[in-house]
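Engineer: File name target-v2.cif; file contents mmCIF, C-alpha atoms; full text below.
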```
data_upload
loop_
_atom_site.group_PDB
_atom_site.id
_atom_site.type_symbol
_atom_site.label_atom_id
_atom_site.label_comp_id
_atom_site.auth_asym_id
_atom_site.auth_seq_id
_atom_site.Cartn_x
_atom_site.Cartn_y
_atom_site.Cartn_z
ATOM 1 C CA MET R 21 68.520 25.102 67.669
ATOM 2 C CA THR R 22 64.758 25.057 67.457
ATOM 3 C CA THR R 23 64.510 28.515 65.921
ATOM 4 C CA ASN R 24 66.275 27.739 62.641
ATOM 5 C CA GLU R 25 65.975 24.001 62.157
ATOM 6 C CA SER R 26 63.206 23.972 59.598
ATOM 7 C CA LYS R 27 62.749 27.522 58.373
ATOM 8 C CA ASN R 28 65.786 28.380 56.304
ATOM 9 C CA HIS R 29 66.964 30.874 58.865
ATOM 10 C CA ALA R 30 70.430 32.367 58.729
ATOM 11 C CA PRO R 31 73.166 30.258 60.305
ATOM 12 C CA GLU R 32 73.943 30.761 63.971
ATOM 13 C CA HIS R 33 77.007 32.909 64.670
ATOM 14 C CA THR R 34 79.767 31.924 67.050
ATOM 15 C CA PRO R 35 80.802 34.075 70.023
ATOM 16 C CA ARG R 36 83.876 36.246 69.567
ATOM 17 C CA LEU R 37 85.288 35.332 72.930
ATOM 18 C CA GLN R 38 84.479 32.966 75.823
ATOM 19 C CA TRP R 39 84.970 35.783 78.276
ATOM 20 C CA ALA R 40 83.887 33.925 81.406
ATOM 21 C CA LYS R 41 86.607 31.342 80.692
ATOM 22 C CA ALA R 42 89.202 33.978 79.806
ATOM 23 C CA ALA R 43 88.391 36.012 82.932
ATOM 24 C CA PRO R 44 86.890 33.668 85.544
ATOM 25 C CA GLU R 45 87.476 36.096 88.429
ATOM 26 C CA VAL R 46 85.615 38.783 86.555
ATOM 27 C CA TYR R 47 82.706 36.431 85.928
ATOM 28 C CA LYS R 48 82.551 35.468 89.604
ATOM 29 C CA ALA R 49 82.633 39.128 90.604
ATOM 30 C CA MET R 50 79.780 39.893 88.195
ATOM 31 C CA ILE R 51 77.624 37.170 89.770
ATOM 32 C CA LYS R 52 78.345 38.606 93.216
ATOM 33 C CA LEU R 53 77.590 42.133 92.062
ATOM 34 C CA SER R 54 74.313 41.016 90.467
ATOM 35 C CA ALA R 55 73.126 39.402 93.680
ATOM 36 C CA ALA R 56 74.084 42.488 95.714
ATOM 37 C CA ALA R 57 72.270 44.804 93.320
ATOM 38 C CA GLU R 58 68.960 42.972 93.379
ATOM 39 C CA GLN R 59 68.744 42.562 97.144
ATOM 40 C CA GLY R 60 65.266 43.634 98.193
ATOM 41 C CA LEU R 61 64.171 44.680 94.709
ATOM 42 C CA ASP R 62 60.755 43.442 93.535
ATOM 43 C CA PRO R 63 61.655 40.467 91.249
ATOM 44 C CA THR R 64 58.906 41.269 88.719
ATOM 45 C CA ILE R 65 60.266 44.786 88.323
ATOM 46 C CA ALA R 66 63.822 43.471 88.188
ATOM 47 C CA GLU R 67 62.978 41.291 85.154
ATOM 48 C CA LEU R 68 61.098 44.081 83.346
ATOM 49 C CA VAL R 69 64.083 46.385 83.842
ATOM 50 C CA LYS R 70 66.518 43.754 82.596
ATOM 51 C CA ILE R 71 64.467 43.107 79.468
ATOM 52 C CA ARG R 72 64.055 46.813 78.703
ATOM 53 C CA ALA R 73 67.755 47.659 79.145
ATOM 54 C CA SER R 74 68.692 44.653 76.992
ATOM 55 C CA GLN R 75 66.347 45.920 74.269
ATOM 56 C CA LEU R 76 67.950 49.377 74.340
ATOM 57 C CA ASN R 77 71.456 47.894 74.272
ATOM 58 C CA HIS R 78 70.520 45.254 71.659
ATOM 59 C CA CYS R 79 71.793 42.343 73.727
ATOM 60 C CA ALA R 80 70.333 39.215 72.109
ATOM 61 C CA LEU R 81 71.794 36.823 74.660
ATOM 62 C CA CYS R 82 70.393 38.885 77.547
ATOM 63 C CA LEU R 83 66.955 39.128 75.905
ATOM 64 C CA ASP R 84 66.902 35.351 75.476
ATOM 65 C CA MET R 85 67.733 34.882 79.140
ATOM 66 C CA HIS R 86 65.522 37.504 80.721
ATOM 67 C CA THR R 87 62.383 37.001 78.650
ATOM 68 C CA LYS R 88 62.567 33.277 79.462
ATOM 69 C CA ASP R 89 63.237 33.990 83.153
ATOM 70 C CA ALA R 90 60.308 36.413 83.234
ATOM 71 C CA LEU R 91 57.957 33.890 81.622
ATOM 72 C CA ALA R 92 59.143 31.156 83.987
ATOM 73 C CA ALA R 93 58.379 33.476 86.923
ATOM 74 C CA GLY R 94 54.814 34.000 85.683
ATOM 75 C CA GLU R 95 55.164 37.209 83.653
ATOM 76 C CA THR R 96 52.642 37.506 80.802
ATOM 77 C CA VAL R 97 53.614 37.345 77.126
ATOM 78 C CA GLU R 98 51.570 40.479 76.525
ATOM 79 C CA ARG R 99 53.495 42.601 79.039
ATOM 80 C CA ILE R 100 56.803 41.386 77.641
ATOM 81 C CA ILE R 101 55.795 42.204 74.062
ATOM 82 C CA GLN R 102 54.480 45.647 75.007
ATOM 83 C CA LEU R 103 57.647 46.550 76.869
ATOM 84 C CA ASN R 104 59.246 47.901 73.712
ATOM 85 C CA ALA R 105 56.461 50.520 73.523
ATOM 86 C CA TRP R 106 55.598 50.874 77.210
ATOM 87 C CA GLU R 107 54.995 54.613 76.926
ATOM 88 C CA GLU R 108 52.019 53.836 74.696
ATOM 89 C CA SER R 109 50.829 50.831 76.670
ATOM 90 C CA ARG R 110 50.909 52.252 80.152
ATOM 91 C CA HIS R 111 47.736 50.432 81.201
ATOM 92 C CA PHE R 112 49.661 47.147 81.127
ATOM 93 C CA TYR R 113 51.916 48.318 83.974
ATOM 94 C CA THR R 114 51.676 49.768 87.484
ATOM 95 C CA GLU R 115 52.837 53.325 88.215
ATOM 96 C CA LYS R 116 55.766 51.842 90.096
ATOM 97 C CA GLU R 117 56.768 49.715 87.091
ATOM 98 C CA LEU R 118 56.419 52.703 84.756
ATOM 99 C CA ALA R 119 58.655 54.840 86.962
ATOM 100 C CA ALA R 120 61.238 52.031 86.959
ATOM 101 C CA LEU R 121 61.104 51.702 83.167
ATOM 102 C CA GLU R 122 61.520 55.413 82.653
ATOM 103 C CA LEU R 123 64.503 55.464 84.988
ATOM 104 C CA THR R 124 65.954 52.434 83.185
ATOM 105 C CA GLU R 125 65.905 54.303 79.884
ATOM 106 C CA ALA R 126 67.492 57.447 81.313
ATOM 107 C CA ILE R 127 70.297 55.522 83.030
ATOM 108 C CA THR R 128 70.903 53.295 80.013
ATOM 109 C CA VAL R 129 71.167 56.080 77.436
ATOM 110 C CA LEU R 130 73.677 58.228 79.351
ATOM 111 C CA THR R 131 75.626 59.292 76.277
ATOM 112 C CA GLU R 132 72.702 61.425 75.128
ATOM 113 C CA GLY R 133 72.313 63.358 78.360
ATOM 114 C CA PHE R 134 71.905 63.215 82.087
ATOM 115 C CA VAL R 135 69.180 61.550 84.124
ATOM 116 C CA PRO R 136 66.427 64.210 84.153
ATOM 117 C CA ASP R 137 65.182 65.507 87.506
ATOM 118 C CA ALA R 138 61.582 64.640 86.594
ATOM 119 C CA VAL R 139 62.476 61.025 85.824
ATOM 120 C CA TYR R 140 64.469 60.657 89.021
ATOM 121 C CA ALA R 141 61.746 62.342 91.089
ATOM 122 C CA LYS R 142 59.033 60.039 89.769
ATOM 123 C CA ALA R 143 61.110 56.995 90.723
ATOM 124 C CA ALA R 144 61.848 58.491 94.145
ATOM 125 C CA GLU R 145 58.087 58.878 94.703
ATOM 126 C CA GLN R 146 57.366 55.239 93.881
ATOM 127 C CA PHE R 147 60.313 53.566 95.601
ATOM 128 C CA GLU R 148 61.502 54.021 99.139
ATOM 129 C CA GLU R 149 65.168 54.932 99.379
ATOM 130 C CA ALA R 150 66.742 51.491 99.877
ATOM 131 C CA GLU R 151 64.750 49.876 97.074
ATOM 132 C CA LEU R 152 65.493 52.841 94.787
ATOM 133 C CA ALA R 153 69.211 52.430 95.432
ATOM 134 C CA HIS R 154 68.937 48.750 94.489
ATOM 135 C CA LEU R 155 66.843 49.524 91.421
ATOM 136 C CA ILE R 156 69.554 51.908 90.217
ATOM 137 C CA ALA R 157 72.191 49.278 90.967
ATOM 138 C CA ALA R 158 70.198 46.631 89.064
ATOM 139 C CA ILE R 159 69.898 48.929 86.029
ATOM 140 C CA THR R 160 73.644 49.522 86.214
ATOM 141 C CA VAL R 161 74.431 45.814 86.430
ATOM 142 C CA ILE R 162 72.229 44.726 83.517
ATOM 143 C CA ASN R 163 74.001 47.417 81.512
ATOM 144 C CA ALA R 164 77.287 45.735 82.416
ATOM 145 C CA TRP R 165 75.999 42.268 81.403
ATOM 146 C CA ASN R 166 74.708 43.785 78.157
ATOM 147 C CA ARG R 167 78.215 45.104 77.445
ATOM 148 C CA PHE R 168 79.775 41.676 77.913
ATOM 149 C CA GLY R 169 77.038 39.976 75.875
ATOM 150 C CA VAL R 170 77.114 42.388 72.937
ATOM 151 C CA THR R 171 80.890 42.861 72.775
ATOM 152 C CA THR R 172 81.616 39.139 72.804
ATOM 153 C CA ARG R 173 78.571 38.350 70.600
ATOM 154 C CA GLY R 174 76.977 35.894 72.984
ATOM 155 C CA VAL R 175 74.662 33.517 71.092
ATOM 156 C CA PRO R 176 70.949 33.630 72.000
ATOM 157 C CA GLY R 177 68.613 30.669 71.892
ATOM 158 C CA HIS R 178 70.306 28.261 74.250
ATOM 159 C CA TYR R 179 69.125 29.519 77.609
ATOM 160 C CA THR R 180 66.882 27.488 79.887
ATOM 161 C CA PRO R 181 65.622 29.105 83.099
ATOM 162 C CA GLY R 182 67.529 27.857 86.106
ATOM 163 C CA MET R 183 70.533 26.577 84.145
ATOM 164 C CA TYR R 184 72.993 28.843 85.972
ATOM 165 C CA LYS R 185 71.551 28.310 89.451
ATOM 166 C CA MET A 4 75.137 72.119 91.819
ATOM 167 C CA SER A 5 73.350 69.121 93.300
ATOM 168 C CA SER A 6 69.576 69.529 93.436
ATOM 169 C CA GLY A 7 69.653 67.831 96.801
ATOM 170 C CA ALA A 8 66.927 65.512 95.565
ATOM 171 C CA ARG A 9 69.210 62.594 94.914
ATOM 172 C CA GLU A 10 70.284 61.393 98.263
ATOM 173 C CA PHE A 11 70.314 57.650 97.751
ATOM 174 C CA GLN A 12 73.506 55.941 98.863
ATOM 175 C CA VAL A 13 75.136 53.249 96.800
ATOM 176 C CA PRO A 14 74.542 50.158 98.993
ATOM 177 C CA GLU A 15 77.764 48.928 100.569
ATOM 178 C CA PRO A 16 77.589 45.355 99.131
ATOM 179 C CA VAL A 17 77.103 46.852 95.641
ATOM 180 C CA TYR A 18 79.981 49.276 96.120
ATOM 181 C CA LEU A 19 82.294 46.574 97.477
ATOM 182 C CA SER A 20 81.500 43.997 94.796
ATOM 183 C CA LEU A 21 81.839 46.577 92.014
ATOM 184 C CA ALA A 22 85.189 47.635 93.472
ATOM 185 C CA GLY A 23 86.239 43.966 93.545
ATOM 186 C CA LEU A 24 85.155 43.541 89.947
ATOM 187 C CA GLY A 25 87.145 46.616 88.948
ATOM 188 C CA ALA A 26 90.244 45.336 90.716
ATOM 189 C CA ALA A 27 89.953 41.956 88.940
ATOM 190 C CA ALA A 28 89.554 43.687 85.578
ATOM 191 C CA LYS A 29 92.591 45.923 86.082
ATOM 192 C CA ARG A 30 94.714 43.056 87.380
ATOM 193 C CA GLY A 31 93.937 40.923 84.339
ATOM 194 C CA LEU A 32 94.549 43.772 81.922
ATOM 195 C CA GLY A 33 97.936 44.419 83.515
ATOM 196 C CA ASP A 34 98.347 47.944 82.152
ATOM 197 C CA PRO A 35 97.311 50.576 84.720
ATOM 198 C CA ALA A 36 98.128 53.553 82.471
ATOM 199 C CA LEU A 37 95.948 52.201 79.676
ATOM 200 C CA ALA A 38 93.195 51.409 82.169
ATOM 201 C CA GLU A 39 93.133 55.075 83.237
ATOM 202 C CA LEU A 40 92.860 56.278 79.632
ATOM 203 C CA VAL A 41 89.896 53.932 79.149
ATOM 204 C CA MET A 42 88.278 55.208 82.381
ATOM 205 C CA VAL A 43 88.719 58.809 81.304
ATOM 206 C CA ARG A 44 87.323 58.272 77.803
ATOM 207 C CA ALA A 45 84.227 56.352 78.957
ATOM 208 C CA SER A 46 83.568 58.977 81.653
ATOM 209 C CA GLN A 47 83.743 61.697 78.992
ATOM 210 C CA LEU A 48 81.184 59.878 76.825
ATOM 211 C CA ASN A 49 78.876 59.298 79.792
ATOM 212 C CA HIS A 50 79.391 62.833 81.169
ATOM 213 C CA CYS A 51 80.411 61.640 84.633
ATOM 214 C CA ALA A 52 82.041 64.583 86.430
ATOM 215 C CA PHE A 53 82.858 62.618 89.580
ATOM 216 C CA CYS A 54 84.532 59.858 87.542
ATOM 217 C CA LEU A 55 86.455 62.300 85.343
ATOM 218 C CA ASP A 56 87.848 64.062 88.371
ATOM 219 C CA MET A 57 88.871 60.784 89.966
ATOM 220 C CA HIS A 58 90.487 59.206 86.897
ATOM 221 C CA LEU A 59 92.189 62.322 85.567
ATOM 222 C CA THR A 60 93.740 62.760 89.000
ATOM 223 C CA ALA A 61 94.765 59.080 89.136
ATOM 224 C CA ALA A 62 96.212 59.242 85.627
ATOM 225 C CA ARG A 63 98.324 62.304 86.458
ATOM 226 C CA LYS A 64 99.510 60.706 89.677
ATOM 227 C CA GLY A 65 100.458 57.624 87.655
ATOM 228 C CA GLY A 66 102.710 59.751 85.481
ATOM 229 C CA GLU A 67 100.397 60.320 82.506
ATOM 230 C CA SER A 68 101.198 63.524 80.604
ATOM 231 C CA GLN A 69 98.761 66.416 80.664
ATOM 232 C CA GLU A 70 99.048 66.704 76.883
ATOM 233 C CA ARG A 71 97.773 63.172 76.325
ATOM 234 C CA LEU A 72 94.939 63.688 78.803
ATOM 235 C CA ASP A 73 93.984 66.897 77.004
ATOM 236 C CA LEU A 74 93.818 65.037 73.707
ATOM 237 C CA VAL A 75 92.144 61.783 74.696
ATOM 238 C CA ALA A 76 88.703 63.158 73.756
ATOM 239 C CA ALA A 77 90.005 63.538 70.187
ATOM 240 C CA TRP A 78 92.396 60.578 70.098
ATOM 241 C CA GLU A 79 91.471 59.688 66.525
ATOM 242 C CA GLU A 80 92.764 63.033 65.270
ATOM 243 C CA SER A 81 95.785 63.204 67.558
ATOM 244 C CA GLY A 82 98.421 61.755 65.244
ATOM 245 C CA ASP A 83 100.888 59.558 67.092
ATOM 246 C CA THR A 84 100.022 60.884 70.546
ATOM 247 C CA PHE A 85 98.565 57.455 71.315
ATOM 248 C CA THR A 86 100.052 54.081 70.358
ATOM 249 C CA GLY A 87 98.249 51.634 68.079
ATOM 250 C CA ARG A 88 97.441 49.516 71.106
ATOM 251 C CA GLU A 89 95.983 52.489 72.990
ATOM 252 C CA ARG A 90 93.979 53.526 69.933
ATOM 253 C CA ALA A 91 92.561 50.026 69.603
ATOM 254 C CA ALA A 92 91.541 50.116 73.273
ATOM 255 C CA LEU A 93 90.009 53.587 72.967
ATOM 256 C CA ALA A 94 88.027 52.596 69.863
ATOM 257 C CA LEU A 95 86.727 49.541 71.733
ATOM 258 C CA THR A 96 85.867 51.729 74.729
ATOM 259 C CA GLU A 97 83.746 53.985 72.550
ATOM 260 C CA ALA A 98 81.945 51.117 70.810
ATOM 261 C CA VAL A 99 81.211 49.276 74.063
ATOM 262 C CA THR A 100 80.070 52.478 75.789
ATOM 263 C CA VAL A 101 77.661 53.669 73.082
ATOM 264 C CA LEU A 102 75.742 50.405 72.694
ATOM 265 C CA THR A 103 72.370 52.040 72.196
ATOM 266 C CA GLU A 104 73.426 53.318 68.786
ATOM 267 C CA GLY A 105 74.585 49.977 67.411
ATOM 268 C CA PHE A 106 76.701 46.911 67.949
ATOM 269 C CA VAL A 107 80.443 46.650 68.453
ATOM 270 C CA PRO A 108 81.732 46.636 64.838
ATOM 271 C CA ASP A 109 83.849 43.690 63.658
ATOM 272 C CA GLU A 110 86.585 46.085 62.604
ATOM 273 C CA VAL A 111 86.824 47.644 66.070
ATOM 274 C CA TYR A 112 86.752 44.287 67.811
ATOM 275 C CA GLY A 113 89.224 42.819 65.315
ATOM 276 C CA ARG A 114 91.741 45.599 65.842
ATOM 277 C CA ALA A 115 91.553 45.140 69.615
ATOM 278 C CA ALA A 116 92.015 41.389 69.171
ATOM 279 C CA GLU A 117 95.230 42.089 67.215
ATOM 280 C CA HIS A 118 96.734 44.108 70.057
ATOM 281 C CA PHE A 119 95.573 42.117 73.078
ATOM 282 C CA THR A 120 95.648 38.437 74.053
ATOM 283 C CA GLU A 121 92.266 36.827 74.745
ATOM 284 C CA THR A 122 92.867 37.113 78.470
ATOM 285 C CA GLN A 123 93.814 40.782 78.251
ATOM 286 C CA LEU A 124 90.888 41.487 75.943
ATOM 287 C CA ALA A 125 88.374 39.851 78.300
ATOM 288 C CA HIS A 126 89.726 42.027 81.113
ATOM 289 C CA LEU A 127 89.739 45.146 78.946
ATOM 290 C CA ILE A 128 86.062 44.557 78.126
ATOM 291 C CA ALA A 129 85.471 44.075 81.851
ATOM 292 C CA ALA A 130 87.251 47.353 82.653
ATOM 293 C CA ILE A 131 85.038 49.169 80.138
ATOM 294 C CA ALA A 132 81.909 47.552 81.616
ATOM 295 C CA VAL A 133 83.034 48.526 85.127
ATOM 296 C CA ILE A 134 83.676 52.194 84.373
ATOM 297 C CA ASN A 135 80.324 52.300 82.594
ATOM 298 C CA SER A 136 78.797 50.991 85.825
ATOM 299 C CA TRP A 137 80.464 53.632 87.990
ATOM 300 C CA ASN A 138 79.441 56.285 85.457
ATOM 301 C CA ARG A 139 75.796 55.155 85.753
ATOM 302 C CA LEU A 140 75.777 55.173 89.548
ATOM 303 C CA MET A 141 77.513 58.526 89.898
ATOM 304 C CA VAL A 142 75.611 60.350 87.139
ATOM 305 C CA THR A 143 72.271 59.084 88.461
ATOM 306 C CA ARG A 144 73.218 60.228 91.941
ATOM 307 C CA ARG A 145 74.632 63.517 90.660
ATOM 308 C CA THR A 146 77.675 62.901 92.784
ATOM 309 C CA ALA A 147 79.896 65.985 92.816
ATOM 310 C CA PRO A 148 83.583 65.698 91.964
ATOM 311 C CA GLY A 149 85.500 64.804 95.111
ATOM 312 C CA GLU A 150 82.394 63.917 97.131
ATOM 313 C CA THR A 151 83.056 61.131 99.639
ATOM 314 C CA GLU A 152 79.662 60.432 101.233
ATOM 315 C CA TRP A 153 78.107 58.536 98.338
ATOM 316 C CA HIS A 154 77.922 55.001 99.746
ATOM 317 C CA SER A 155 76.368 53.449 102.809
#
```
Just give me the structure as structure tokens.

Structural biologist:
Amino acid sequence: MTTNESKNHAPEHTPRLQWAKAAPEVYKAMIKLSAAAEQGLDPTIAELVKIRASQLNHCALCLDMHTKDALAAGETVERIIQLNAWEESRHFYTEKELAALELTEAITVLTEGFVPDAVYAKAAEQFEEAELAHLIAAITVINAWNRFGVTTRGVPGHYTPGMYK
Amino acid sequence: MSSGAREFQVPEPVYLSLAGLGAAAKRGLGDPALAELVMVRASQLNHCAFCLDMHLTAARKGGESQERLDLVAAWEESGDTFTGRERAALALTEAVTVLTEGFVPDEVYGRAAEHFTETQLAHLIAAIAVINSWNRLMVTRRTAPGETEWHS
């Protein structure tokens, strides 16, 4: 892989399990669920949400995929880099994007508490009801992909935009 | 209980495809009683009241003992209440549910891989991912236990 060919990087790990092969029906159902979740959701926001959730859940495979997809769709490098500190770089994002990012964090880190009323209310102000429902679904689904990717130790670095289409 | 401010409905295609995913996961795992224990434990960690109500009820209906359901939150300290296979699945459930605090440790994954075939393990991981998805939808919506009007 290009990232470690010449720089003495650590060796690439192997995945623990080829889960899509071991559970093809599950994989197919995930693809279907993903498409249903993102119906009508702003694609720029969808990618930002997927990158941010994947950062929080430490999913290397998902970060590889969604940063590359975002760049291919015209997202800027700067906005992708700043995503990890979006609260301190608010002027890179619209109010609608910020509300989506805040909601993404609350829904992703459920084990530490509920989704605060203020966070939900801000999202409900920025998104009309149908798009909000799909935003919440999209956050839920990237969390599911993150769980597959992290648990099976999917290997980052091999994704090319469009390869699964 | 509900603030009334969270009235979004889970879109029907999302609800149906997530239900289909859950059915595929359970089918491949082939152990409905274990699946319910996993659902209960993840719902405890994610504080999903709706999901706890649903899966505790389903577990009891499926013949699970009240004593085991009482102890599943402290399965590690519950002696031989749970089998080695169940303990491996519960440890994996916890690791896969609390991703934000770290990865899924080799030891936890390795123990699960000892007790489950690759096919079962892939479906167990799927079942954990699916209950985490329901937990996210229902907590975000503040769906009350037993509520039926949550999808369009």

Engineer: Determine, using all atoms listed in the file, which residues of chain R have any atom at most 7 Å from an atom of chain A, and tabulate each with its shortest atom pair and distance in Å to one decimal place, rows ordered by chain and then rising number, as JSON lines.

Structural biologist:
```
{"residue": "R:Trp39", "atom": "CA", "partner": "A:Ala125", "partner_atom": "CA", "distance": 5.3}
{"residue": "R:Ala42", "atom": "CA", "partner": "A:Thr122", "partner_atom": "CA", "distance": 5.0}
{"residue": "R:Ala43", "atom": "CA", "partner": "A:Ala125", "partner_atom": "CA", "distance": 6.0}
{"residue": "R:Glu45", "atom": "CA", "partner": "A:Ala27", "partner_atom": "CA", "distance": 6.4}
{"residue": "R:Val46", "atom": "CA", "partner": "A:Leu24", "partner_atom": "CA", "distance": 5.9}
{"residue": "R:Ala49", "atom": "CA", "partner": "A:Leu24", "partner_atom": "CA", "distance": 5.1}
{"residue": "R:Met50", "atom": "CA", "partner": "A:Leu24", "partner_atom": "CA", "distance": 6.7}
{"residue": "R:Lys52", "atom": "CA", "partner": "A:Ser20", "partner_atom": "CA", "distance": 6.4}
{"residue": "R:Leu53", "atom": "CA", "partner": "A:Ser20", "partner_atom": "CA", "distance": 5.1}
{"residue": "R:Ala56", "atom": "CA", "partner": "A:Val17", "partner_atom": "CA", "distance": 5.3}
{"residue": "R:Ala57", "atom": "CA", "partner": "A:Val17", "partner_atom": "CA", "distance": 5.7}
{"residue": "R:Leu76", "atom": "CA", "partner": "A:Thr103", "partner_atom": "CA", "distance": 5.6}
{"residue": "R:Asn77", "atom": "CA", "partner": "A:Thr103", "partner_atom": "CA", "distance": 4.7}
{"residue": "R:Ile127", "atom": "CA", "partner": "A:Arg139", "partner_atom": "CA", "distance": 6.1}
{"residue": "R:Val129", "atom": "CA", "partner": "A:Thr103", "partner_atom": "CA", "distance": 6.7}
{"residue": "R:Leu130", "atom": "CA", "partner": "A:Asn49", "partner_atom": "CA", "distance": 5.3}
{"residue": "R:Thr131", "atom": "CA", "partner": "A:Asn49", "partner_atom": "CA", "distance": 4.8}
{"residue": "R:Phe134", "atom": "CA", "partner": "A:Val142", "partner_atom": "CA", "distance": 6.9}
{"residue": "R:Val135", "atom": "CA", "partner": "A:Thr143", "partner_atom": "CA", "distance": 5.9}
{"residue": "R:Glu149", "atom": "CA", "partner": "A:Phe11", "partner_atom": "CA", "distance": 6.0}
{"residue": "R:Ala153", "atom": "CA", "partner": "A:Phe11", "partner_atom": "CA", "distance": 5.8}
{"residue": "R:Thr160", "atom": "CA", "partner": "A:Ser136", "partner_atom": "CA", "distance": 5.4}
{"residue": "R:Val161", "atom": "CA", "partner": "A:Ser136", "partner_atom": "CA", "distance": 6.8}
{"residue": "R:Ala164", "atom": "CA", "partner": "A:Ala132", "partner_atom": "CA", "distance": 5.0}
{"residue": "R:Arg167", "atom": "CA", "partner": "A:Ala132", "partner_atom": "CA", "distance": 6.1}
{"residue": "R:Phe168", "atom": "CA", "partner": "A:Ile128", "partner_atom": "CA", "distance": 6.9}
{"residue": "R:Val170", "atom": "CA", "partner": "A:Phe106", "partner_atom": "CA", "distance": 6.7}
{"residue": "R:Thr171", "atom": "CA", "partner": "A:Val107", "partner_atom": "CA", "distance": 5.8}
```

Engineer: Could you pull the residues within 12 Å of Pro63 (chain R), counting only C-alpha atoms, minus those fewer than 4 positions along the same chain, as a VMD selection string?

Structural biologist: chain R and resid 55 57 to 59 67 to 70 86 89 to 90 93 to 95 117 151 154 to 155 158

Engineer: Could you tell me how far CA of Ser54 (chain R) sits from CA of Val97 (chain R), in Å to one decimal place?

Structural biologist: 24.9 Å

Engineer: For a test of reading the model, state the distance in Å between CA of Ile100 (chain R) and CA of Ala120 (chain R), rounded to one decimal.

Structural biologist: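 Straight-line distance from CA of Ile100 (chain R) to CA of Ala120 (chain R) works out to 14.8 Å.
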
Engineer: State, in Å with one decimal place, the distance from CA of Ala126 (chain R) to CA of Gly60 (chain R).

Structural biologist: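 It comes out at 21.9 Å.
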